[in-house]
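Dropping query.txt in here (compact mmCIF, C-alpha atoms):
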```
# COMPACT_ATOMS: atom_id res chain seq x y z
CA MET T 23 87.05 42.55 -156.68
CA LEU T 24 89.63 42.12 -153.96
CA LEU T 25 89.54 38.91 -151.89
CA PRO T 26 91.13 38.53 -148.44
CA GLY T 27 94.51 36.85 -148.27
CA ILE T 28 95.12 33.40 -146.84
CA THR T 29 96.51 34.77 -143.56
CA THR T 30 93.40 36.88 -143.05
CA LEU T 31 91.22 33.81 -143.48
CA GLU T 32 93.47 31.77 -141.19
CA ARG T 33 93.20 34.38 -138.45
CA LEU T 34 89.43 34.61 -138.83
CA ILE T 35 88.98 30.83 -138.71
CA SER T 36 91.36 30.60 -135.76
CA ARG T 37 89.35 33.19 -133.80
CA VAL T 38 86.05 31.45 -134.56
CA ARG T 39 87.44 28.05 -133.50
CA TYR T 40 88.88 29.55 -130.31
CA ARG T 41 85.53 31.14 -129.41
CA ALA T 42 83.73 27.86 -130.12
CA THR T 43 86.18 26.03 -127.85
CA LEU T 44 85.64 28.57 -125.07
CA ARG T 45 81.88 28.16 -125.44
CA LEU T 46 82.24 24.37 -125.21
CA TRP T 47 84.33 24.67 -122.04
CA HIS T 48 81.78 27.05 -120.54
CA ARG T 49 78.86 24.72 -121.36
CA LEU T 50 80.62 21.77 -119.76
CA THR T 51 81.69 23.62 -116.62
CA CYS T 52 78.57 25.70 -115.94
CA ALA T 53 76.51 22.53 -115.33
CA LEU T 54 78.83 21.43 -112.50
CA THR T 55 78.32 22.20 -108.85
CA ASP T 56 81.15 23.48 -106.69
CA THR T 57 81.43 20.08 -105.01
CA GLN T 58 81.82 18.33 -108.37
CA ARG T 59 84.46 20.84 -109.47
CA GLN T 60 86.40 20.28 -106.26
CA LYS T 61 86.25 16.49 -106.70
CA LEU T 62 87.49 16.75 -110.29
CA THR T 63 90.30 19.12 -109.33
CA ALA T 64 91.30 16.89 -106.40
CA LEU T 65 91.72 13.94 -108.77
CA VAL T 66 94.56 15.55 -110.67
CA ALA T 67 96.04 17.25 -107.61
CA SER T 68 96.18 14.20 -105.32
CA GLU T 69 99.02 11.73 -105.25
CA GLY T 70 97.33 9.10 -103.05
CA ALA T 71 97.34 5.40 -103.84
CA THR T 72 93.63 4.86 -103.27
CA LEU T 73 91.08 3.63 -105.77
CA ALA T 74 89.96 7.18 -106.31
CA THR T 75 93.08 8.26 -108.20
CA LEU T 76 92.61 9.23 -111.81
CA GLU T 77 94.93 6.49 -113.07
CA ASP T 78 92.88 3.82 -111.30
CA LEU T 79 89.62 5.23 -112.58
CA ARG T 80 90.86 5.23 -116.17
CA ALA T 81 92.48 1.77 -116.03
CA ALA T 82 90.83 -1.04 -117.97
CA PRO T 83 90.81 -4.61 -116.59
CA ARG T 84 94.15 -6.35 -117.09
CA ARG T 85 93.38 -10.01 -116.37
CA ARG T 86 90.51 -12.41 -116.86
CA SER T 87 89.68 -13.35 -113.29
CA PRO T 88 86.72 -13.04 -110.94
CA THR T 89 88.74 -10.85 -108.57
CA GLU T 90 89.52 -8.51 -111.46
CA LEU T 91 85.79 -8.30 -112.21
CA LEU T 92 85.09 -7.39 -108.58
CA ARG T 93 87.85 -4.78 -108.66
CA HIS T 94 86.39 -3.39 -111.85
CA LEU T 95 82.91 -3.16 -110.33
CA GLU T 96 84.44 -1.18 -107.46
CA ARG T 97 85.99 1.07 -110.10
CA ILE T 98 82.54 1.70 -111.59
CA ASP T 99 81.23 2.64 -108.13
CA ALA T 100 84.14 5.06 -107.67
CA ILE T 101 83.45 6.62 -111.08
CA ARG T 102 79.81 7.08 -110.15
CA ASP T 103 80.89 8.58 -106.83
CA HIS T 104 82.94 11.21 -108.65
CA SER T 105 80.35 11.98 -111.30
CA PRO T 106 76.82 12.05 -109.90
CA SER T 107 74.37 12.95 -112.65
CA MET T 108 77.01 14.28 -115.01
CA LEU T 109 75.00 14.10 -118.19
CA PRO T 110 76.39 16.08 -121.08
CA PRO T 111 74.38 19.19 -121.92
CA ALA T 112 72.03 18.64 -124.83
CA ASP T 113 73.60 21.38 -126.95
CA VAL T 114 77.17 20.02 -126.74
CA PRO T 115 78.26 18.31 -129.98
CA ALA T 116 79.45 14.74 -129.60
CA ALA T 117 82.70 15.08 -131.57
CA PRO T 118 84.32 17.83 -129.46
CA LEU T 119 83.14 16.10 -126.30
CA ALA T 120 84.77 12.86 -127.48
CA ARG T 121 88.01 14.69 -128.33
CA LEU T 122 88.18 16.26 -124.87
CA ALA T 123 87.45 12.91 -123.21
CA ARG T 124 90.06 11.13 -125.34
CA SER T 125 92.72 13.68 -124.42
CA ALA T 126 91.83 13.27 -120.73
CA ARG T 127 92.05 9.48 -121.00
CA THR T 128 95.51 9.57 -122.55
CA SER T 129 97.11 12.51 -120.71
CA LYS T 130 99.08 12.16 -117.53
CA PRO T 131 97.42 13.60 -114.42
CA ALA T 132 100.26 16.11 -114.05
CA ASN T 133 99.59 17.42 -117.56
CA LEU T 134 95.89 17.72 -116.78
CA ALA T 135 96.69 19.56 -113.55
CA ALA T 136 98.81 22.03 -115.52
CA LEU T 137 95.89 23.11 -117.71
CA HIS T 138 94.25 26.40 -116.85
CA ASP T 139 90.97 26.20 -114.97
CA PRO T 140 88.13 26.26 -117.49
CA ARG T 141 89.95 23.88 -119.80
CA ARG T 142 91.01 21.49 -117.00
CA THR T 143 87.52 21.32 -115.52
CA ALA T 144 85.87 20.91 -118.92
CA THR T 145 88.34 18.19 -119.93
CA LEU T 146 87.75 16.23 -116.71
CA ALA T 147 83.98 16.71 -117.00
CA ALA T 148 84.09 15.35 -120.55
CA LEU T 149 86.15 12.41 -119.31
CA PHE T 150 83.63 11.49 -116.63
CA GLN T 151 80.71 11.89 -119.01
CA THR T 152 82.19 9.15 -121.16
CA LEU T 153 84.16 7.16 -118.56
CA GLU T 154 81.19 5.42 -116.97
CA ALA T 155 80.01 4.09 -120.33
CA VAL T 156 83.52 2.86 -121.16
CA ALA T 157 83.85 1.22 -117.73
CA LEU T 158 80.49 -0.51 -118.10
CA ASP T 159 81.49 -1.79 -121.53
CA ASP T 160 84.76 -3.11 -120.07
CA ALA T 161 82.87 -4.86 -117.27
CA VAL T 162 80.45 -6.50 -119.70
CA GLU T 163 83.32 -7.68 -121.91
CA LEU T 164 85.18 -9.07 -118.90
CA PHE T 165 82.07 -10.85 -117.62
CA ASP T 166 81.45 -12.29 -121.10
CA ALA T 167 85.03 -13.57 -121.26
CA LEU T 168 84.75 -15.12 -117.79
CA ALA T 169 81.40 -16.75 -118.64
CA THR T 170 82.85 -18.11 -121.88
CA ASP T 171 85.79 -19.59 -119.96
CA ILE T 172 83.49 -21.17 -117.37
CA PHE T 173 81.23 -22.70 -120.01
CA ALA T 174 84.24 -24.00 -121.94
CA LEU T 175 85.62 -25.63 -118.78
CA ALA T 176 82.21 -27.13 -117.96
CA GLU T 177 81.84 -28.45 -121.49
CA GLU T 178 85.33 -29.98 -121.36
CA ALA T 179 84.58 -31.60 -117.98
CA HIS T 180 81.30 -32.99 -119.33
CA ARG T 181 83.07 -34.39 -122.41
CA LYS T 182 85.75 -36.05 -120.26
CA SER T 183 83.11 -37.47 -117.94
CA ARG T 184 81.21 -38.99 -120.87
CA LEU T 185 84.41 -40.46 -122.26
CA ARG T 186 85.22 -42.01 -118.86
CA SER T 187 81.72 -43.47 -118.48
CA ALA T 188 81.84 -44.81 -122.06
CA ALA T 189 85.24 -46.40 -121.38
CA ARG T 190 83.92 -47.98 -118.17
CA SER T 191 80.89 -49.42 -119.93
CA ARG T 192 83.10 -50.85 -122.68
CA CYS T 193 85.34 -52.46 -120.04
CA ARG T 194 82.29 -54.01 -118.34
CA SER T 195 80.94 -55.36 -121.61
CA TYR T 196 84.33 -56.93 -122.45
CA ARG T 197 84.50 -58.52 -118.99
CA ALA T 198 80.98 -59.89 -119.32
CA ALA T 199 81.72 -61.45 -122.69
```
Produce structure tokens that represent the structure in this file.
Amino acid sequence: MLLPGITTLERLISRVRYRATLRLWHRLTCALTDTQRQKLTALVASEGATLATLEDLRAAPRRRSPTELLRHLERIDAIRDHSPSMLPPADVPAAPLARLARSARTSKPANLAALHDPRRTATLAALFQTLEAVALDDAVELFDALATDIFALAEEAHRKSRLRSAARSRCRSYRAA
């Protein structure tokens, strides 16, 4: 019995993986409308300094402040504006989708713009299918941190107020005695 060599198996596996990747790209891009494709392509092609740039859409909150929370909520609106009803197709596996989205989150826009069309569009579609959930998680974490800070400040103010009122009552009782 003669078995295939290692290079034959490598080539076969490589072809199968390449075809699976092409199928994944096709599944992600065929669900998009022409308007959505143009919006995604414009994100990596534009160099404007508006909120709609890819860098701004991917950026997590940097500070713990109410203005940062408002800015982040505007970011969520901009993400939703760029990805209306972009639900991943049911037959797309989660792991490859997550890999594509992770590469889109970490790559520079110029590198994404340099990708050829089905891969670029599929990568950006995968990014926007996961970006809204990530942005919502960031907003909830930021709100939780702000609420924790506010409650800690209120608790500290209440404690100081009680100490002041207790000190005043002690001073009155000493004066009365």
query: Using all atoms listed in the file, which of T:Leu149, T:Leu168, T:Leu175, T:Leu158 sits nearest T:Thr128?
result: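 Residue with the minimum atom-to-atom distance to T:Thr128: T:Leu149.
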For stretch 120-182 of chain T against stretch 30-48 of chain T, with a cut-off of 7 Å and counting only C-alpha atoms, what is the closest atom pair and its distance in Å to one decimal for every residue that makes the cut, ordered by chain and number, as CSV?
```
residue,atom,partner,partner_atom,distance
T:Pro140,CA,T:Trp47,CA,6.1
T:Arg141,CA,T:Trp47,CA,6.1
T:Ala144,CA,T:Trp47,CA,5.1
```
- prompt: Which one of T:Val66, T:Ile98, T:Ala123, T:Val156 sits closest to T:Leu137 if you count all atoms listed in the file?
  reply: T:Val66
query: Just how far from atom CA of T:Phe165 is atom CA of T:Arg84, in Å to one decimal?
result: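 Answer for the atom CA of T:Arg84 to atom CA of T:Phe165 separation: 12.9 Å.
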message: Measuring between all atoms listed in the file, which one of T:Thr143, T:Ala126, T:Thr75, T:His180 shows the shortest distance to T:Asp56?
response: T:Thr143
- line: One residue among T:Ile28, T:Leu62, T:Ala132, T:Ile101 is nearest to T:Ala155 when using all atoms listed in the file, and that residue is T:Ile101
query: With all atoms listed in the file as the atoms that count, which of T:Ala161, T:Ala116, T:Ser125, T:Thr152 lies nearest to T:Leu92?
result: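 Among the listed residues, T:Ala161 lies closest to T:Leu92.
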Give as a PDB file with C-alpha atoms, in the coordinates of the input each residue that has an atom at most 9 Å from (81.0, 14.7, -126.2) in the file, counting only C-alpha atoms.
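The resulting point02.pdb:
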```
ATOM      1  CA  PRO T 110      76.390  16.080-121.080  1.00  0.00           C
ATOM      2  CA  VAL T 114      77.170  20.020-126.740  1.00  0.00           C
ATOM      3  CA  PRO T 115      78.260  18.310-129.980  1.00  0.00           C
ATOM      4  CA  ALA T 116      79.450  14.740-129.600  1.00  0.00           C
ATOM      5  CA  ALA T 117      82.700  15.080-131.570  1.00  0.00           C
ATOM      6  CA  PRO T 118      84.320  17.830-129.460  1.00  0.00           C
ATOM      7  CA  LEU T 119      83.140  16.100-126.300  1.00  0.00           C
ATOM      8  CA  ALA T 120      84.770  12.860-127.480  1.00  0.00           C
ATOM      9  CA  ARG T 121      88.010  14.690-128.330  1.00  0.00           C
ATOM     10  CA  LEU T 122      88.180  16.260-124.870  1.00  0.00           C
ATOM     11  CA  ALA T 123      87.450  12.910-123.210  1.00  0.00           C
ATOM     12  CA  ALA T 148      84.090  15.350-120.550  1.00  0.00           C
ATOM     13  CA  LEU T 149      86.150  12.410-119.310  1.00  0.00           C
ATOM     14  CA  GLN T 151      80.710  11.890-119.010  1.00  0.00           C
ATOM     15  CA  THR T 152      82.190   9.150-121.160  1.00  0.00           C
TER      16      THR T 152
END
```
- prompt: Distance atom CA of T:Asp166-atom CA of T:Ala81, one decimal place?
  reply: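 Computing it gives 18.6 Å between the two atoms.
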